[in-house]
>>> print(open('start-v3.pdb').read())   # PDB, C-alpha atoms and all ligand atoms
MODEL        1
ATOM      1  CA  MET A  82       5.338   9.000 -20.902
ATOM      2  CA  GLY A  83       3.881  11.403 -18.370
ATOM      3  CA  HIS A  84       5.153  13.913 -15.854
ATOM      4  CA  GLY A  85       3.623  14.861 -12.513
ATOM      5  CA  SER A  86       4.414  17.091  -9.579
ATOM      6  CA  ASP A  87       2.994  17.846  -6.146
ATOM      7  CA  VAL A  88       3.610  20.099  -3.155
ATOM      8  CA  HIS A  89       2.407  19.941   0.454
ATOM      9  CA  ARG A  90       3.144  22.196   3.403
ATOM     10  CA  PHE A  91       4.495  20.740   6.633
ATOM     11  CA  ASP A  92       2.079  20.398   9.544
ATOM     12  CA  SER A  93       3.644  19.217  12.789
ATOM     13  CA  ASP A  94       0.226  18.102  14.085
ATOM     14  CA  THR A  95       0.054  15.325  11.479
ATOM     15  CA  PRO A  96       2.125  12.148  11.143
ATOM     16  CA  CYS A  97       4.460  12.128   8.159
ATOM     17  CA  ARG A  98       3.578   9.723   5.388
ATOM     18  CA  LEU A  99       5.788   9.834   2.315
ATOM     19  CA  ALA A 100       6.477   7.318  -0.453
ATOM     20  CA  CYS A 101       4.091   4.882   1.290
ATOM     21  CA  LEU A 102       6.214   4.893   4.477
ATOM     22  CA  ASP A 103       5.883   6.487   7.933
ATOM     23  CA  TRP A 104       8.610   8.993   8.894
ATOM     24  CA  PRO A 105       8.247   9.420  12.659
ATOM     25  CA  SER A 106      11.050  11.995  13.026
ATOM     26  CA  SER A 107       9.600  14.399  10.430
ATOM     27  CA  PRO A 108       6.587  16.714  10.660
ATOM     28  CA  GLY A 109       3.632  15.563   8.585
ATOM     29  CA  LEU A 110       2.325  16.993   5.341
ATOM     30  CA  ALA A 111      -0.969  18.864   5.299
ATOM     31  CA  GLY A 112      -3.627  18.136   2.710
ATOM     32  CA  HIS A 113      -7.076  16.710   2.196
ATOM     33  CA  SER A 114      -5.324  13.331   2.281
ATOM     34  CA  ASP A 115      -2.192  12.021   3.962
ATOM     35  CA  GLY A 116      -0.143  14.548   1.938
ATOM     36  CA  ASP A 117       2.065  11.859   0.410
ATOM     37  CA  ALA A 118       3.557  14.113  -2.277
ATOM     38  CA  ALA A 119       5.649  11.281  -3.762
ATOM     39  CA  ALA A 120       2.591   9.065  -4.262
ATOM     40  CA  HIS A 121       0.544  11.987  -5.589
ATOM     41  CA  ALA A 122       3.198  13.042  -8.125
ATOM     42  CA  ALA A 123       3.460   9.399  -9.239
ATOM     43  CA  CYS A 124      -0.331   9.168  -9.737
ATOM     44  CA  ASP A 125      -0.308  12.440 -11.672
ATOM     45  CA  ALA A 126       2.451  11.171 -13.968
ATOM     46  CA  MET A 127       0.714   7.844 -14.647
ATOM     47  CA  LEU A 128      -2.708   9.412 -15.270
ATOM     48  CA  THR A 129      -1.212  11.996 -17.617
ATOM     49  CA  ALA A 130       0.757   9.366 -19.544
ATOM     50  CA  ALA A 131      -2.431   7.342 -20.043
ATOM     51  CA  GLY A 132      -4.450  10.378 -21.114
ATOM     52  CA  LEU A 133      -6.783   9.946 -18.136
ATOM     53  CA  GLY A 134      -6.536  13.527 -16.896
ATOM     54  CA  ASP A 135      -4.578  14.563 -13.840
ATOM     55  CA  LEU A 136      -4.655  13.889 -10.106
ATOM     56  CA  GLY A 137      -7.154  16.683  -9.414
ATOM     57  CA  ALA A 138      -9.573  15.538 -12.114
ATOM     58  CA  ASN A 139      -9.532  11.973 -10.784
ATOM     59  CA  PHE A 140      -9.301  12.451  -7.011
ATOM     60  CA  GLY A 141      -9.583  16.198  -6.304
ATOM     61  CA  ALA A 142     -12.139  18.335  -4.503
ATOM     62  CA  SER A 143     -14.820  17.468  -7.079
ATOM     63  CA  ARG A 144     -14.466  13.779  -6.064
ATOM     64  CA  PRO A 145     -15.327  13.894  -2.337
ATOM     65  CA  GLU A 146     -15.389  10.094  -2.133
ATOM     66  CA  TRP A 147     -11.564  10.228  -2.312
ATOM     67  CA  ALA A 148     -11.118  12.878   0.409
ATOM     68  CA  GLY A 149      -8.778  11.571   3.070
ATOM     69  CA  ALA A 150      -7.624   8.616   0.943
ATOM     70  CA  SER A 151      -4.033   7.519   1.519
ATOM     71  CA  GLY A 152      -1.382   7.945  -1.141
ATOM     72  CA  GLU A 153      -1.214   4.174  -1.296
ATOM     73  CA  ALA A 154      -4.968   3.929  -2.000
ATOM     74  CA  LEU A 155      -4.663   6.536  -4.755
ATOM     75  CA  LEU A 156      -1.735   4.664  -6.309
ATOM     76  CA  ARG A 157      -3.685   1.381  -6.292
ATOM     77  CA  GLU A 158      -6.738   3.032  -7.837
ATOM     78  CA  THR A 159      -4.625   4.788 -10.469
ATOM     79  CA  VAL A 160      -3.008   1.491 -11.522
ATOM     80  CA  ARG A 161      -6.481  -0.118 -11.603
ATOM     81  CA  ARG A 162      -7.775   2.661 -13.892
ATOM     82  CA  LEU A 163      -4.729   2.244 -16.122
ATOM     83  CA  GLY A 164      -5.454  -1.473 -16.348
ATOM     84  CA  GLU A 165      -9.059  -0.790 -17.363
ATOM     85  CA  THR A 166      -7.789   1.205 -20.325
ATOM     86  CA  ARG A 167      -5.133  -1.412 -21.169
ATOM     87  CA  TRP A 168      -2.150   0.568 -19.889
ATOM     88  CA  ARG A 169       0.659  -1.055 -17.925
ATOM     89  CA  VAL A 170       3.470   0.679 -16.042
ATOM     90  CA  VAL A 171       7.012   0.036 -17.307
ATOM     91  CA  ASN A 172       8.643   2.069 -14.530
ATOM     92  CA  LEU A 173       8.351   5.224 -12.484
ATOM     93  CA  SER A 174      10.995   7.725 -11.433
ATOM     94  CA  VAL A 175      10.154   9.932  -8.440
ATOM     95  CA  GLN A 176      12.195  12.837  -7.113
ATOM     96  CA  ILE A 177      11.556  14.202  -3.623
ATOM     97  CA  ILE A 178      12.652  17.824  -3.120
ATOM     98  CA  GLY A 179      13.100  19.162   0.400
ATOM     99  CA  GLU A 180      15.271  19.408   3.489
ATOM    100  CA  ARG A 181      13.477  16.669   5.442
ATOM    101  CA  PRO A 182      12.883  13.856   5.956
ATOM    102  CA  LYS A 183      16.291  12.567   4.858
ATOM    103  CA  ILE A 184      15.501  10.072   2.126
ATOM    104  CA  ALA A 185      18.897   8.463   1.467
ATOM    105  CA  PRO A 186      19.008   6.181   4.550
ATOM    106  CA  ARG A 187      15.583   4.745   3.653
ATOM    107  CA  ARG A 188      15.660   5.037  -0.129
ATOM    108  CA  ALA A 189      15.668   1.255  -0.752
ATOM    109  CA  GLU A 190      12.795   0.769   1.689
ATOM    110  CA  ALA A 191      10.770   3.555   0.053
ATOM    111  CA  GLU A 192      11.428   2.150  -3.425
ATOM    112  CA  LYS A 193      10.320  -1.294  -2.261
ATOM    113  CA  ALA A 194       7.121   0.086  -0.685
ATOM    114  CA  MET A 195       6.091   2.051  -3.769
ATOM    115  CA  THR A 196       7.142  -0.752  -6.139
ATOM    116  CA  SER A 197       4.953  -3.238  -4.304
ATOM    117  CA  VAL A 198       1.916  -0.925  -4.572
ATOM    118  CA  VAL A 199       2.451   0.018  -8.225
ATOM    119  CA  GLY A 200       3.489  -3.456  -9.374
ATOM    120  CA  ALA A 201       6.357  -2.068 -11.467
ATOM    121  CA  PRO A 202       9.793  -0.694 -10.570
ATOM    122  CA  VAL A 203       9.690   2.671  -8.772
ATOM    123  CA  ARG A 204      13.011   4.476  -8.347
ATOM    124  CA  ILE A 205      13.371   7.405  -5.971
ATOM    125  CA  SER A 206      15.886  10.221  -5.916
ATOM    126  CA  ALA A 207      16.059  13.111  -3.483
ATOM    127  CA  THR A 208      17.481  16.588  -3.576
ATOM    128  CA  THR A 209      17.396  19.904  -1.763
ATOM    129  CA  THR A 210      17.165  23.433  -3.162
ATOM    130  CA  ASP A 211      20.330  24.693  -1.449
ATOM    131  CA  GLY A 212      18.327  26.524   1.188
ATOM    132  CA  LEU A 213      16.301  28.472  -1.379
ATOM    133  CA  GLY A 214      12.531  28.814  -1.676
ATOM    134  CA  PHE A 215       9.784  27.153   0.359
ATOM    135  CA  THR A 216      11.551  23.809   0.413
ATOM    136  CA  GLY A 217      14.807  25.417   1.529
ATOM    137  CA  ARG A 218      13.005  27.273   4.327
ATOM    138  CA  GLY A 219      11.485  23.988   5.430
ATOM    139  CA  GLU A 220       7.916  25.167   4.845
ATOM    140  CA  GLY A 221       6.968  22.241   2.683
ATOM    141  CA  LEU A 222       8.015  19.422   0.444
ATOM    142  CA  ALA A 223       7.762  18.931  -3.322
ATOM    143  CA  ALA A 224       7.905  15.852  -5.493
ATOM    144  CA  THR A 225       8.062  15.258  -9.222
ATOM    145  CA  ALA A 226       7.579  12.014 -11.099
ATOM    146  CA  THR A 227       7.976  10.590 -14.570
ATOM    147  CA  ALA A 228       6.007   7.517 -15.604
ATOM    148  CA  LEU A 229       6.684   5.272 -18.588
ATOM    149  CA  LEU A 230       3.711   3.157 -19.683
ATOM    150  CA  TYR A 231       2.973   0.768 -22.492
ATOM    151  CA  SER A 232      -0.347   0.043 -24.097
ATOM    152  CA  VAL A 233      -1.454  -3.574 -24.309
ATOM    153  CA  PRO A 234      -2.861  -4.407 -27.760
ATOM    154  CA  ALA A 235      -6.604  -5.115 -27.704
TER     155      ALA A 235
HETATM  156 ZN    ZN B 301      -0.729  15.901  -2.902
ENDMDL
END
>>> encode(input="start-v3.pdb", output="structure tokens", more="lines below")
Ligand SMILES: [Zn+2]
Amino acid sequence: MGHGSDVHRFDSDTPCRLACLDWPSSPGLAGHSDGDAAAHAACDAMLTAAGLGDLGANFGASRPEWAGASGEALLRETVRRLGETRWRVVNLSVQIIGERPKIAPRRAEAEKAMTSVVGAPVRISATTTDGLGFTGRGEGLAATATALLYSVPA
């Protein structure tokens, strides 16, 4: 089992990509990628569970070939690396923390999008911080994730 988290600040000059979906009514998320905090937290959780390091070690600034990669591309590559080391995903739980975009109306769609990329059930919850902190002030968005994996016998 592994846990991951991620934060990105809002940037209204960028399109919003979150949980492998476009959110046209929300400002985008800044980052050296598409800022998909849900996908990034999920990658972090899976990599940690498999003992493959974290998101930064695999795709961070020291790996310029991944600069600008979409959250979806990072998810696919993470699952590929898991497969190489005989790990499979049982399921993933992702929580999105922020005031916007509103997740509930599109939760099923977001779960379906992430599930199809990961190849295992991805469940998504969403919450706010009651107006407190950077998420409450609408400065950015956070996501956490828990991944459950199993190891395939050699
Ligand atoms: Zn990120």
>>> residues_near_ligand(input="start-v3.pdb", ligand="ligand ZN 301 (chain B)", cutoff="7 Å", atoms="all atoms listed in the file", output="PDB file with C-alpha atoms, in the coordinates of the input")
ATOM      1  CA  ASP A  87       2.994  17.846  -6.146  1.00  0.00           C
ATOM      2  CA  VAL A  88       3.610  20.099  -3.155  1.00  0.00           C
ATOM      3  CA  HIS A  89       2.407  19.941   0.454  1.00  0.00           C
ATOM      4  CA  GLY A 112      -3.627  18.136   2.710  1.00  0.00           C
ATOM      5  CA  GLY A 116      -0.143  14.548   1.938  1.00  0.00           C
ATOM      6  CA  ASP A 117       2.065  11.859   0.410  1.00  0.00           C
ATOM      7  CA  ALA A 118       3.557  14.113  -2.277  1.00  0.00           C
ATOM      8  CA  HIS A 121       0.544  11.987  -5.589  1.00  0.00           C
TER       9      HIS A 121
END
>>> resolve_selection(input="start-v3.pdb", expression="the PyMOL selection byres (((chain A and resi 204) around 6) and not hetatm)", output="CSV table (one decimal) with C-alpha atoms, keeping the file's coordinate frame")
chain,number,residue,atom,x,y,z
A,174,SER,CA,11.0,7.7,-11.4
A,192,GLU,CA,11.4,2.2,-3.4
A,203,VAL,CA,9.7,2.7,-8.8
A,205,ILE,CA,13.4,7.4,-6.0
>>> residues_around(input="start-v3.pdb", residues="range 127-136 of chain A", least_positions_apart="4", cutoff="9 Å", atoms="all atoms listed in the file", output="PyMOL selection string")
chain A and resi 82-85+121-123+140-141+159-160+162-163+166+168+170+173+226-232
>>> atom_distance(input="start-v3.pdb", atom1="CA of Ala100 in chain A", atom2="CA of Ser151 in chain A")
10.7 Å
>>> atom_distance(input="start-v3.pdb", atom1="CA of Glu190 in chain A", atom2="CA of Gly152 in chain A")
16.1 Å
>>> atom_distance(input="start-v3.pdb", atom1="CA of Arg218 in chain A", atom2="CA of Ile178 in chain A")
12.0 Å
>>> axis_aligned_box(input="start-v3.pdb", around="range 96-105 of chain A", padding_each_side="8 Å", output="AutoDock Vina command-line options")
--center_x 5.4 --center_y 8.5 --center_z 6.1 --size_x 22.5 --size_y 23.3 --size_z 29.1
>>> build_atoms(input="start-v3.pdb", residues="range 155-170 of chain A", atoms="N, CA, C and O atoms", output="PDB file, keeping the file's coordinate frame")
ATOM      1  N   LEU A 155      -4.584   5.827  -3.470  1.00  0.00           N
ATOM      2  CA  LEU A 155      -4.663   6.536  -4.755  1.00  0.00           C
ATOM      3  C   LEU A 155      -3.773   5.863  -5.808  1.00  0.00           C
ATOM      4  O   LEU A 155      -4.154   5.756  -6.975  1.00  0.00           O
ATOM      5  N   LEU A 156      -2.614   5.385  -5.378  1.00  0.00           N
ATOM      6  CA  LEU A 156      -1.735   4.664  -6.309  1.00  0.00           C
ATOM      7  C   LEU A 156      -2.421   3.396  -6.817  1.00  0.00           C
ATOM      8  O   LEU A 156      -2.430   3.111  -8.013  1.00  0.00           O
ATOM      9  N   ARG A 157      -3.010   2.636  -5.901  1.00  0.00           N
ATOM     10  CA  ARG A 157      -3.685   1.381  -6.292  1.00  0.00           C
ATOM     11  C   ARG A 157      -4.824   1.665  -7.267  1.00  0.00           C
ATOM     12  O   ARG A 157      -5.004   0.960  -8.257  1.00  0.00           O
ATOM     13  N   GLU A 158      -5.607   2.710  -6.979  1.00  0.00           N
ATOM     14  CA  GLU A 158      -6.738   3.032  -7.837  1.00  0.00           C
ATOM     15  C   GLU A 158      -6.263   3.533  -9.203  1.00  0.00           C
ATOM     16  O   GLU A 158      -6.860   3.223 -10.234  1.00  0.00           O
ATOM     17  N   THR A 159      -5.176   4.312  -9.200  1.00  0.00           N
ATOM     18  CA  THR A 159      -4.625   4.788 -10.469  1.00  0.00           C
ATOM     19  C   THR A 159      -4.193   3.609 -11.340  1.00  0.00           C
ATOM     20  O   THR A 159      -4.531   3.548 -12.534  1.00  0.00           O
ATOM     21  N   VAL A 160      -3.473   2.656 -10.755  1.00  0.00           N
ATOM     22  CA  VAL A 160      -3.008   1.491 -11.522  1.00  0.00           C
ATOM     23  C   VAL A 160      -4.207   0.676 -12.011  1.00  0.00           C
ATOM     24  O   VAL A 160      -4.214   0.163 -13.136  1.00  0.00           O
ATOM     25  N   ARG A 161      -5.264   0.596 -11.188  1.00  0.00           N
ATOM     26  CA  ARG A 161      -6.481  -0.118 -11.603  1.00  0.00           C
ATOM     27  C   ARG A 161      -7.117   0.577 -12.823  1.00  0.00           C
ATOM     28  O   ARG A 161      -7.518  -0.082 -13.782  1.00  0.00           O
ATOM     29  N   ARG A 162      -7.189   1.920 -12.767  1.00  0.00           N
ATOM     30  CA  ARG A 162      -7.775   2.661 -13.892  1.00  0.00           C
ATOM     31  C   ARG A 162      -6.930   2.516 -15.150  1.00  0.00           C
ATOM     32  O   ARG A 162      -7.449   2.443 -16.264  1.00  0.00           O
ATOM     33  N   LEU A 163      -5.614   2.478 -14.981  1.00  0.00           N
ATOM     34  CA  LEU A 163      -4.729   2.244 -16.122  1.00  0.00           C
ATOM     35  C   LEU A 163      -5.035   0.881 -16.740  1.00  0.00           C
ATOM     36  O   LEU A 163      -5.142   0.751 -17.961  1.00  0.00           O
ATOM     37  N   GLY A 164      -5.176  -0.125 -15.878  1.00  0.00           N
ATOM     38  CA  GLY A 164      -5.454  -1.473 -16.348  1.00  0.00           C
ATOM     39  C   GLY A 164      -6.748  -1.553 -17.144  1.00  0.00           C
ATOM     40  O   GLY A 164      -6.834  -2.249 -18.161  1.00  0.00           O
ATOM     41  N   GLU A 165      -7.753  -0.808 -16.680  1.00  0.00           N
ATOM     42  CA  GLU A 165      -9.059  -0.790 -17.363  1.00  0.00           C
ATOM     43  C   GLU A 165      -8.951  -0.255 -18.786  1.00  0.00           C
ATOM     44  O   GLU A 165      -9.768  -0.575 -19.640  1.00  0.00           O
ATOM     45  N   THR A 166      -7.956   0.622 -18.997  1.00  0.00           N
ATOM     46  CA  THR A 166      -7.789   1.205 -20.325  1.00  0.00           C
ATOM     47  C   THR A 166      -6.573   0.592 -21.037  1.00  0.00           C
ATOM     48  O   THR A 166      -6.020   1.180 -21.960  1.00  0.00           O
ATOM     49  N   ARG A 167      -6.187  -0.595 -20.559  1.00  0.00           N
ATOM     50  CA  ARG A 167      -5.133  -1.412 -21.169  1.00  0.00           C
ATOM     51  C   ARG A 167      -3.750  -0.756 -21.130  1.00  0.00           C
ATOM     52  O   ARG A 167      -2.927  -0.962 -22.015  1.00  0.00           O
ATOM     53  N   TRP A 168      -3.493   0.020 -20.087  1.00  0.00           N
ATOM     54  CA  TRP A 168      -2.150   0.568 -19.889  1.00  0.00           C
ATOM     55  C   TRP A 168      -1.458  -0.198 -18.776  1.00  0.00           C
ATOM     56  O   TRP A 168      -2.074  -0.553 -17.784  1.00  0.00           O
ATOM     57  N   ARG A 169      -0.170  -0.448 -18.976  1.00  0.00           N
ATOM     58  CA  ARG A 169       0.659  -1.055 -17.925  1.00  0.00           C
ATOM     59  C   ARG A 169       1.847  -0.130 -17.660  1.00  0.00           C
ATOM     60  O   ARG A 169       2.324   0.536 -18.576  1.00  0.00           O
ATOM     61  N   VAL A 170       2.333  -0.158 -16.420  1.00  0.00           N
ATOM     62  CA  VAL A 170       3.470   0.679 -16.042  1.00  0.00           C
ATOM     63  C   VAL A 170       4.767  -0.058 -16.355  1.00  0.00           C
ATOM     64  O   VAL A 170       4.933  -1.220 -15.961  1.00  0.00           O
TER      65      VAL A 170
END
